[in-house]
$ cat target.cif   # mmCIF, C-alpha atoms
data_run
#
loop_
_atom_site.group_PDB
_atom_site.id
_atom_site.type_symbol
_atom_site.label_atom_id
_atom_site.label_comp_id
_atom_site.auth_asym_id
_atom_site.auth_seq_id
_atom_site.Cartn_x
_atom_site.Cartn_y
_atom_site.Cartn_z
ATOM 1 C CA MET Y 1 19.390 7.202 -48.674
ATOM 2 C CA ALA Y 2 22.319 5.345 -50.208
ATOM 3 C CA ASP Y 3 25.210 3.376 -48.749
ATOM 4 C CA ASN Y 4 27.681 0.596 -49.374
ATOM 5 C CA THR Y 5 25.583 -2.150 -47.866
ATOM 6 C CA PRO Y 6 21.842 -2.663 -47.523
ATOM 7 C CA ALA Y 7 22.132 -2.608 -43.746
ATOM 8 C CA ALA Y 8 24.074 0.659 -43.727
ATOM 9 C CA ALA Y 9 21.534 2.303 -46.009
ATOM 10 C CA VAL Y 10 18.725 1.210 -43.706
ATOM 11 C CA ALA Y 11 20.596 2.329 -40.597
ATOM 12 C CA GLU Y 12 21.061 5.810 -42.018
ATOM 13 C CA PHE Y 13 17.453 6.036 -43.164
ATOM 14 C CA LEU Y 14 16.055 4.806 -39.866
ATOM 15 C CA GLY Y 15 18.456 6.812 -37.755
ATOM 16 C CA SER Y 16 17.199 10.017 -39.286
ATOM 17 C CA LEU Y 17 13.561 9.072 -38.729
ATOM 18 C CA ARG Y 18 14.286 7.912 -35.199
ATOM 19 C CA GLN Y 19 15.755 11.296 -34.376
ATOM 20 C CA ALA Y 20 12.723 13.100 -35.754
ATOM 21 C CA ILE Y 21 10.342 10.933 -33.733
ATOM 22 C CA ALA Y 22 12.462 11.441 -30.626
ATOM 23 C CA CYS Y 23 11.665 15.151 -30.808
ATOM 24 C CA VAL Y 24 8.166 14.397 -29.485
ATOM 25 C CA THR Y 25 8.150 10.892 -27.988
ATOM 26 C CA ARG Y 26 10.456 8.334 -26.439
ATOM 27 C CA THR Y 27 8.337 5.415 -27.553
ATOM 28 C CA ARG Y 28 9.804 2.409 -29.281
ATOM 29 C CA VAL Y 29 10.507 2.341 -32.993
ATOM 30 C CA GLU Y 30 10.868 -1.040 -34.663
ATOM 31 C CA VAL Y 31 11.182 -2.609 -38.078
ATOM 32 C CA SER Y 32 10.248 -5.944 -39.595
ATOM 33 C CA ALA Y 33 12.458 -8.904 -38.704
ATOM 34 C CA ASP Y 34 13.864 -8.864 -42.229
ATOM 35 C CA GLY Y 35 13.937 -5.065 -42.333
ATOM 36 C CA TYR Y 36 17.628 -4.921 -43.252
ATOM 37 C CA ARG Y 37 17.405 -7.281 -46.227
ATOM 38 C CA PRO Y 38 16.979 -6.098 -49.825
ATOM 39 C CA ASN Y 39 13.389 -6.479 -51.030
ATOM 40 C CA PRO Y 40 12.975 -4.818 -54.414
ATOM 41 C CA GLN Y 41 9.744 -6.744 -54.941
ATOM 42 C CA GLY Y 42 7.109 -8.290 -52.804
ATOM 43 C CA ARG Y 43 6.044 -7.045 -49.451
ATOM 44 C CA ALA Y 44 7.616 -3.780 -48.276
ATOM 45 C CA HIS Y 45 9.260 -3.669 -44.845
ATOM 46 C CA LEU Y 46 7.369 -2.071 -41.985
ATOM 47 C CA LEU Y 47 8.642 0.734 -39.776
ATOM 48 C CA ASP Y 48 6.426 0.665 -36.714
ATOM 49 C CA VAL Y 49 6.113 3.273 -33.983
ATOM 50 C CA ASN Y 50 4.633 2.265 -30.614
ATOM 51 C CA ARG Y 51 3.527 -1.136 -31.880
ATOM 52 C CA GLY Y 52 0.717 0.167 -34.016
ATOM 53 C CA GLU Y 53 -0.808 2.263 -31.263
ATOM 54 C CA PRO Y 54 -1.183 6.047 -31.237
ATOM 55 C CA VAL Y 55 1.324 7.655 -28.891
ATOM 56 C CA ALA Y 56 0.373 10.615 -26.705
ATOM 57 C CA VAL Y 57 2.645 13.561 -27.385
ATOM 58 C CA GLY Y 58 1.458 15.917 -24.642
ATOM 59 C CA GLY Y 59 0.666 19.574 -24.926
ATOM 60 C CA PRO Y 60 -2.527 21.528 -24.266
ATOM 61 C CA HIS Y 61 -4.634 19.714 -26.868
ATOM 62 C CA GLY Y 62 -3.955 16.167 -25.695
ATOM 63 C CA LEU Y 63 -2.977 14.964 -29.144
ATOM 64 C CA SER Y 64 -1.609 11.599 -30.181
ATOM 65 C CA LEU Y 65 0.569 10.652 -33.119
ATOM 66 C CA TRP Y 66 0.214 7.505 -35.203
ATOM 67 C CA VAL Y 67 3.078 6.694 -37.564
ATOM 68 C CA GLY Y 68 3.658 3.892 -40.004
ATOM 69 C CA MET Y 69 6.087 3.626 -42.884
ATOM 70 C CA ARG Y 70 6.761 0.999 -45.520
ATOM 71 C CA TYR Y 71 10.071 0.861 -47.344
ATOM 72 C CA ARG Y 72 12.122 -1.160 -49.764
ATOM 73 C CA ILE Y 73 15.862 -1.718 -50.012
ATOM 74 C CA VAL Y 74 16.792 -1.529 -53.669
ATOM 75 C CA ARG Y 75 19.882 -1.305 -55.820
ATOM 76 C CA ALA Y 76 20.611 2.117 -57.249
ATOM 77 C CA GLU Y 77 22.970 3.537 -59.829
ATOM 78 C CA GLY Y 78 25.584 6.277 -59.512
ATOM 79 C CA ALA Y 79 25.738 8.552 -56.506
ATOM 80 C CA ARG Y 80 22.517 7.047 -55.176
ATOM 81 C CA GLY Y 81 23.966 3.561 -55.125
ATOM 82 C CA PRO Y 82 24.799 0.874 -54.624
ATOM 83 C CA TRP Y 83 21.942 0.555 -52.138
ATOM 84 C CA LYS Y 84 19.160 2.933 -51.336
ATOM 85 C CA ILE Y 85 15.918 3.047 -49.442
ATOM 86 C CA LYS Y 86 12.755 3.602 -51.383
ATOM 87 C CA THR Y 87 9.689 4.644 -49.466
ATOM 88 C CA ALA Y 88 6.726 2.412 -50.309
ATOM 89 C CA GLY Y 89 4.202 4.165 -48.132
ATOM 90 C CA TYR Y 90 3.661 6.428 -45.177
ATOM 91 C CA ALA Y 91 0.838 7.232 -42.803
ATOM 92 C CA TYR Y 92 1.246 10.058 -40.308
ATOM 93 C CA ALA Y 93 -1.915 10.710 -38.346
ATOM 94 C CA ILE Y 94 -2.769 13.077 -35.509
ATOM 95 C CA ASP Y 95 -5.636 12.149 -33.178
ATOM 96 C CA ASP Y 96 -7.478 14.340 -30.700
ATOM 97 C CA ARG Y 97 -7.753 13.544 -26.993
ATOM 98 C CA ASP Y 98 -10.798 11.330 -27.644
ATOM 99 C CA GLY Y 99 -8.982 9.257 -30.227
ATOM 100 C CA HIS Y 100 -10.691 10.800 -33.224
ATOM 101 C CA GLU Y 101 -8.466 11.377 -36.195
ATOM 102 C CA VAL Y 102 -7.839 15.078 -36.794
ATOM 103 C CA LEU Y 103 -5.740 14.653 -39.903
ATOM 104 C CA ALA Y 104 -3.629 12.068 -41.662
ATOM 105 C CA TYR Y 105 -1.019 12.393 -44.367
ATOM 106 C CA HIS Y 106 -1.046 9.209 -46.383
ATOM 107 C CA TRP Y 107 0.340 7.518 -49.429
ATOM 108 C CA GLN Y 108 0.919 3.830 -50.135
ATOM 109 C CA GLU Y 109 2.025 2.136 -53.308
ATOM 110 C CA GLY Y 110 -0.610 -0.114 -54.779
ATOM 111 C CA THR Y 111 -3.382 1.494 -52.764
ATOM 112 C CA PRO Y 112 -5.623 4.054 -54.431
ATOM 113 C CA PRO Y 113 -5.464 6.941 -54.815
ATOM 114 C CA PRO Y 114 -1.948 6.846 -56.291
ATOM 115 C CA TYR Y 115 -0.989 10.341 -55.149
ATOM 116 C CA PRO Y 116 -0.009 11.570 -51.664
ATOM 117 C CA HIS Y 117 -2.997 13.005 -49.882
ATOM 118 C CA LEU Y 118 -4.420 14.444 -46.701
ATOM 119 C CA HIS Y 119 -7.409 13.124 -44.792
ATOM 120 C CA LEU Y 120 -9.336 15.430 -42.496
ATOM 121 C CA GLY Y 121 -11.078 13.347 -39.878
ATOM 122 C CA ALA Y 122 -13.902 13.619 -37.388
ATOM 123 C CA GLY Y 123 -11.502 15.232 -34.929
ATOM 124 C CA ALA Y 124 -11.072 18.150 -37.323
ATOM 125 C CA GLY Y 125 -14.756 18.990 -37.034
ATOM 126 C CA VAL Y 126 -15.361 18.732 -40.755
ATOM 127 C CA ASN Y 127 -18.456 17.140 -42.215
ATOM 128 C CA ALA Y 128 -18.720 13.656 -43.678
ATOM 129 C CA LEU Y 129 -18.443 14.996 -47.213
ATOM 130 C CA VAL Y 130 -14.885 16.187 -46.552
ATOM 131 C CA GLN Y 131 -13.926 13.271 -44.302
ATOM 132 C CA LYS Y 132 -14.273 10.830 -47.179
ATOM 133 C CA ARG Y 133 -12.071 12.821 -49.537
ATOM 134 C CA HIS Y 134 -8.406 12.497 -50.436
ATOM 135 C CA LEU Y 135 -7.024 16.029 -50.512
ATOM 136 C CA PRO Y 136 -3.939 16.055 -52.745
ATOM 137 C CA THR Y 137 -0.608 17.054 -51.236
ATOM 138 C CA GLY Y 138 3.018 16.796 -52.225
ATOM 139 C CA ARG Y 139 5.035 14.044 -50.632
ATOM 140 C CA VAL Y 140 5.272 14.748 -46.910
ATOM 141 C CA ALA Y 141 8.287 14.065 -44.714
ATOM 142 C CA LEU Y 142 7.841 12.800 -41.178
ATOM 143 C CA GLU Y 143 9.952 15.736 -40.047
ATOM 144 C CA ALA Y 144 7.328 18.141 -41.383
ATOM 145 C CA VAL Y 145 4.625 16.464 -39.318
ATOM 146 C CA VAL Y 146 6.734 16.559 -36.160
ATOM 147 C CA ARG Y 147 7.393 20.247 -36.794
ATOM 148 C CA LEU Y 148 3.655 20.773 -37.274
ATOM 149 C CA LEU Y 149 3.015 19.233 -33.864
ATOM 150 C CA VAL Y 150 5.577 21.382 -32.096
ATOM 151 C CA ALA Y 151 5.232 24.670 -33.939
ATOM 152 C CA GLU Y 152 1.493 24.723 -34.604
ATOM 153 C CA PHE Y 153 -0.107 22.426 -32.037
ATOM 154 C CA ASP Y 154 2.082 23.431 -29.083
ATOM 155 C CA VAL Y 155 3.407 19.950 -28.415
ATOM 156 C CA PRO Y 156 6.406 20.335 -26.091
ATOM 157 C CA PRO Y 157 9.605 19.191 -27.811
ATOM 158 C CA LEU Y 158 11.721 16.629 -25.978
ATOM 159 C CA ARG Y 159 14.927 17.893 -27.532
ATOM 160 C CA ARG Y 160 16.302 21.397 -27.377
ATOM 161 C CA ASP Y 161 17.810 20.968 -30.839
ATOM 162 C CA TRP Y 162 14.530 19.870 -32.436
ATOM 163 C CA ARG Y 163 14.683 22.580 -35.097
ATOM 164 C CA THR Y 164 18.140 21.466 -36.210
ATOM 165 C CA VAL Y 165 17.225 17.767 -36.110
ATOM 166 C CA LEU Y 166 14.126 18.305 -38.210
ATOM 167 C CA ARG Y 167 15.828 20.658 -40.646
ATOM 168 C CA ARG Y 168 18.688 18.221 -41.248
ATOM 169 C CA GLY Y 169 16.343 15.293 -41.617
ATOM 170 C CA GLU Y 170 14.192 17.153 -44.081
ATOM 171 C CA GLU Y 171 17.240 18.238 -46.077
ATOM 172 C CA ARG Y 172 18.314 14.614 -46.293
ATOM 173 C CA PHE Y 173 14.815 13.607 -47.346
ATOM 174 C CA LYS Y 174 14.776 16.209 -50.125
ATOM 175 C CA ALA Y 175 18.270 15.326 -51.308
ATOM 176 C CA TRP Y 176 17.507 11.608 -51.720
ATOM 177 C CA ARG Y 177 13.910 11.493 -52.798
ATOM 178 C CA THR Y 178 13.307 10.679 -56.439
ATOM 179 C CA TRP Y 179 9.821 12.148 -56.593
ATOM 180 C CA ALA Y 180 7.995 14.880 -54.739
ATOM 181 C CA MET A 1 58.375 -7.224 -31.759
ATOM 182 C CA ALA A 2 54.693 -6.584 -31.703
ATOM 183 C CA ARG A 3 52.650 -8.982 -33.735
ATOM 184 C CA VAL A 4 50.188 -7.566 -36.115
ATOM 185 C CA ARG A 5 46.907 -9.385 -35.989
ATOM 186 C CA GLN A 6 46.004 -10.607 -39.414
ATOM 187 C CA ARG A 7 42.534 -9.754 -40.542
ATOM 188 C CA SER A 8 40.540 -12.891 -41.038
ATOM 189 C CA LYS A 9 39.422 -13.593 -44.572
ATOM 190 C CA ARG A 10 36.509 -15.550 -43.289
ATOM 191 C CA LYS A 11 33.152 -14.024 -43.815
ATOM 192 C CA SER A 12 32.082 -12.077 -40.739
ATOM 193 C CA LYS A 13 29.311 -13.633 -38.719
ATOM 194 C CA ALA A 14 28.674 -10.400 -36.863
ATOM 195 C CA PRO A 15 25.008 -9.459 -36.772
ATOM 196 C CA VAL A 16 23.828 -6.701 -39.016
ATOM 197 C CA ARG A 17 24.323 -3.365 -37.298
ATOM 198 C CA ALA A 18 20.957 -1.938 -36.415
ATOM 199 C CA ALA A 19 20.192 1.754 -36.335
ATOM 200 C CA ALA A 20 20.496 3.203 -32.853
ATOM 201 C CA GLY A 21 17.236 3.086 -30.972
ATOM 202 C CA ILE A 22 15.517 0.925 -33.575
ATOM 203 C CA GLY A 23 14.306 -2.496 -32.523
ATOM 204 C CA ARG A 24 13.369 -5.475 -34.636
ATOM 205 C CA LEU A 25 9.997 -7.131 -34.645
ATOM 206 C CA SER A 26 9.798 -10.864 -34.985
ATOM 207 C CA ALA A 27 7.244 -12.238 -37.428
ATOM 208 C CA VAL A 28 5.117 -13.252 -34.442
ATOM 209 C CA GLU A 29 5.275 -9.754 -32.967
ATOM 210 C CA GLU A 30 4.321 -8.253 -36.308
ATOM 211 C CA ARG A 31 1.261 -10.519 -36.491
ATOM 212 C CA ARG A 32 0.406 -9.620 -32.900
ATOM 213 C CA ILE A 33 0.524 -5.899 -33.722
ATOM 214 C CA LEU A 34 -1.815 -6.459 -36.648
ATOM 215 C CA ASP A 35 -4.161 -8.534 -34.514
ATOM 216 C CA ARG A 36 -4.276 -5.940 -31.738
ATOM 217 C CA ALA A 37 -4.884 -3.103 -34.193
ATOM 218 C CA ALA A 38 -7.654 -5.041 -35.943
ATOM 219 C CA ARG A 39 -9.361 -5.713 -32.623
ATOM 220 C CA ARG A 40 -8.919 -2.127 -31.432
ATOM 221 C CA TYR A 41 -10.104 -0.399 -34.575
ATOM 222 C CA LEU A 42 -12.445 -2.905 -36.181
ATOM 223 C CA GLY A 43 -13.443 -5.376 -33.486
ATOM 224 C CA MET A 44 -12.120 -8.376 -35.381
ATOM 225 C CA SER A 45 -9.008 -10.524 -35.342
ATOM 226 C CA GLY A 46 -6.081 -9.869 -37.637
ATOM 227 C CA ARG A 47 -6.833 -13.115 -39.428
ATOM 228 C CA ASP A 48 -10.419 -12.063 -40.058
ATOM 229 C CA PHE A 49 -9.224 -8.698 -41.282
ATOM 230 C CA LEU A 50 -6.923 -10.322 -43.827
ATOM 231 C CA ARG A 51 -9.671 -12.639 -45.011
ATOM 232 C CA LYS A 52 -12.100 -9.779 -45.501
ATOM 233 C CA TRP A 53 -9.453 -7.609 -47.142
ATOM 234 C CA ARG A 54 -8.557 -10.302 -49.644
ATOM 235 C CA ALA A 55 -12.227 -10.866 -50.354
ATOM 236 C CA GLY A 56 -12.615 -7.164 -51.144
ATOM 237 C CA GLU A 57 -15.168 -6.658 -48.390
ATOM 238 C CA PHE A 58 -13.880 -3.238 -47.366
ATOM 239 C CA LYS A 59 -15.402 -0.565 -49.563
ATOM 240 C CA ASP A 60 -13.237 2.579 -49.846
ATOM 241 C CA PRO A 61 -10.694 1.307 -47.313
ATOM 242 C CA ASP A 62 -8.585 4.447 -47.597
ATOM 243 C CA GLY A 63 -11.546 6.620 -46.643
ATOM 244 C CA ASP A 64 -12.007 4.887 -43.300
ATOM 245 C CA PRO A 65 -9.262 5.748 -40.776
ATOM 246 C CA ALA A 66 -9.731 2.483 -38.919
ATOM 247 C CA VAL A 67 -9.356 0.283 -41.999
ATOM 248 C CA ARG A 68 -6.524 2.431 -43.329
ATOM 249 C CA ARG A 69 -4.457 1.979 -40.174
ATOM 250 C CA VAL A 70 -5.005 -1.743 -39.897
ATOM 251 C CA ALA A 71 -4.278 -2.219 -43.596
ATOM 252 C CA PHE A 72 -1.038 -0.318 -43.219
ATOM 253 C CA LEU A 73 0.119 -2.796 -40.600
ATOM 254 C CA ALA A 74 -1.007 -5.813 -42.595
ATOM 255 C CA PRO A 75 0.957 -7.781 -45.184
ATOM 256 C CA VAL A 76 -1.217 -6.474 -47.988
ATOM 257 C CA GLY A 77 -0.798 -4.017 -50.814
#

$ encode --input "target.cif" --output "structure tokens"
Amino acid sequence: MADNTPAAAVAEFLGSLRQAIACVTRTRVEVSADGYRPNPQGRAHLLDVNRGEPVAVGGPHGLSLWVGMRYRIVRAEGARGPWKIKTAGYAYAIDDRDGHEVLAYHWQEGTPPPYPHLHLGAGAGVNALVQKRHLPTGRVALEAVVRLLVAEFDVPPLRRDWRTVLRRGEERFKAWRTWA
Amino acid sequence: MARVRQRSKRKSKAPVRAAAGIGRLSAVEERRILDRAARRYLGMSGRDFLRKWRAGEFKDPDGDPAVRRVAFLAPVG
């Protein structure tokens, strides 16, 4: 995402994510106190959903969603500038009704492995051999995980326009990402 | 004749516009979230988690969902 000021770039980035999350939950979404200040180095800002707790999303399987994102506000050249948001990490996890992790899409800069990956957890019914592995994926957008919940896991959407919201958010994600 | 209000050249002191529906965590709240997550998932305080993390006491932290989640919320990495 790019904009004329750091704050505007963050607002656009977060607004899109907020809309995606609102397709399945009305829980609070918050960022670090300094989450609108440029931070090209050092600690990445935190985007927190439900204060670090899994949030129940309803539906026949009793699933919960756990979301965390880390991001940086950096200067950018050309059409991507002068300010853009660079994702520094994401963790999108789905838990079963007993709180066991079913799956988690994960990537975080500085934390091995360096590539985006999928974890299959105890809630997926896979054995320990698989649970410990990092299954490579492409970079995953939050919108794709919300769509997975609604379209595949029968989570009831809270918005009638959820398809449009997720499609637009994912288009924006693909247009601005610098790696896949 | 109507007077046109001159735009002030002073630097605006208006707060940064936040994204709609997005709150801001104070540093204390952020530490509290970490502490609660560490206690929930690992049965230890956030401070203890950070100490153990920095000491390299978590083997394969990414392979353990509990450690992974707490680490994501922590000022590490």

$ axis_aligned_box --input "target.cif" --around "range 113-122 of chain Y" --padding-each-side "8 Å" --output "AutoDock Vina command-line options"
--center_x -7.0 --center_y 11.1 --center_z -46.8 --size_x 29.9 --size_y 24.6 --size_z 34.9

$ closest_residue --input "target.cif" --among "Y:Gly81, Y:Gly121, Y:Gly62, Y:Pro116" --to "chain A" --atoms "all atoms listed in the file"
Y:Gly121

$ resolve_selection --input "target.cif" --expression "the PyMOL selection byres ((chain Y) within 7 of (chain A))" --output "list in words"
Ala7, Ala11, Leu14, Gly15, Val29, Glu30, Val31, Ser32, Ala33, Arg43, Arg51, Gly52, Gly110, Thr111, Lys132 and Arg133 of chain Y

$ closest_residue --input "target.cif" --among "Y:Glu143, Y:Glu77, Y:Glu109, Y:Asp154" --to "Tyr92 in chain Y" --atoms "only C-alpha atoms"
Y:Glu143

$ atom_distance --input "target.cif" --atom1 "CA of Glu152 in chain Y" --atom2 "CA of Arg28 in chain Y"
24.4 Å

$ atom_distance --input "target.cif" --atom1 "CA of Ala91 in chain Y" --atom2 "CA of His61 in chain Y"
21.0 Å

$ resolve_selection --input "target.cif" --expression "the PyMOL selection byres ((chain Y and resi 158) around 10)" --output "MDAnalysis selection string"
chainID Y and resid 21:26 57 150 155:157 159:162

$ atom_distance --input "target.cif" --atom1 "CA of Leu17 in chain Y" --atom2 "CA of Val74 in chain Y"
18.6 Å

$ closest_residue --input "target.cif" --among "Y:Leu166, Y:Leu65, Y:Val146, Y:Ala44" --to "Asp96 in chain Y" --atoms "all atoms listed in the file"
Y:Leu65

$ residues_around --input "target.cif" --residues "Glu57 in chain A" --least-positions-apart "5" --cutoff "12 Å" --atoms "only C-alpha atoms" --output "count of residues only"
6

$ closest_residue --input "target.cif" --among "Y:Arg37, Y:Thr137, Y:Leu142, Y:Leu149" --to "Thr5 in chain Y" --atoms "all atoms listed in the file"
Y:Arg37
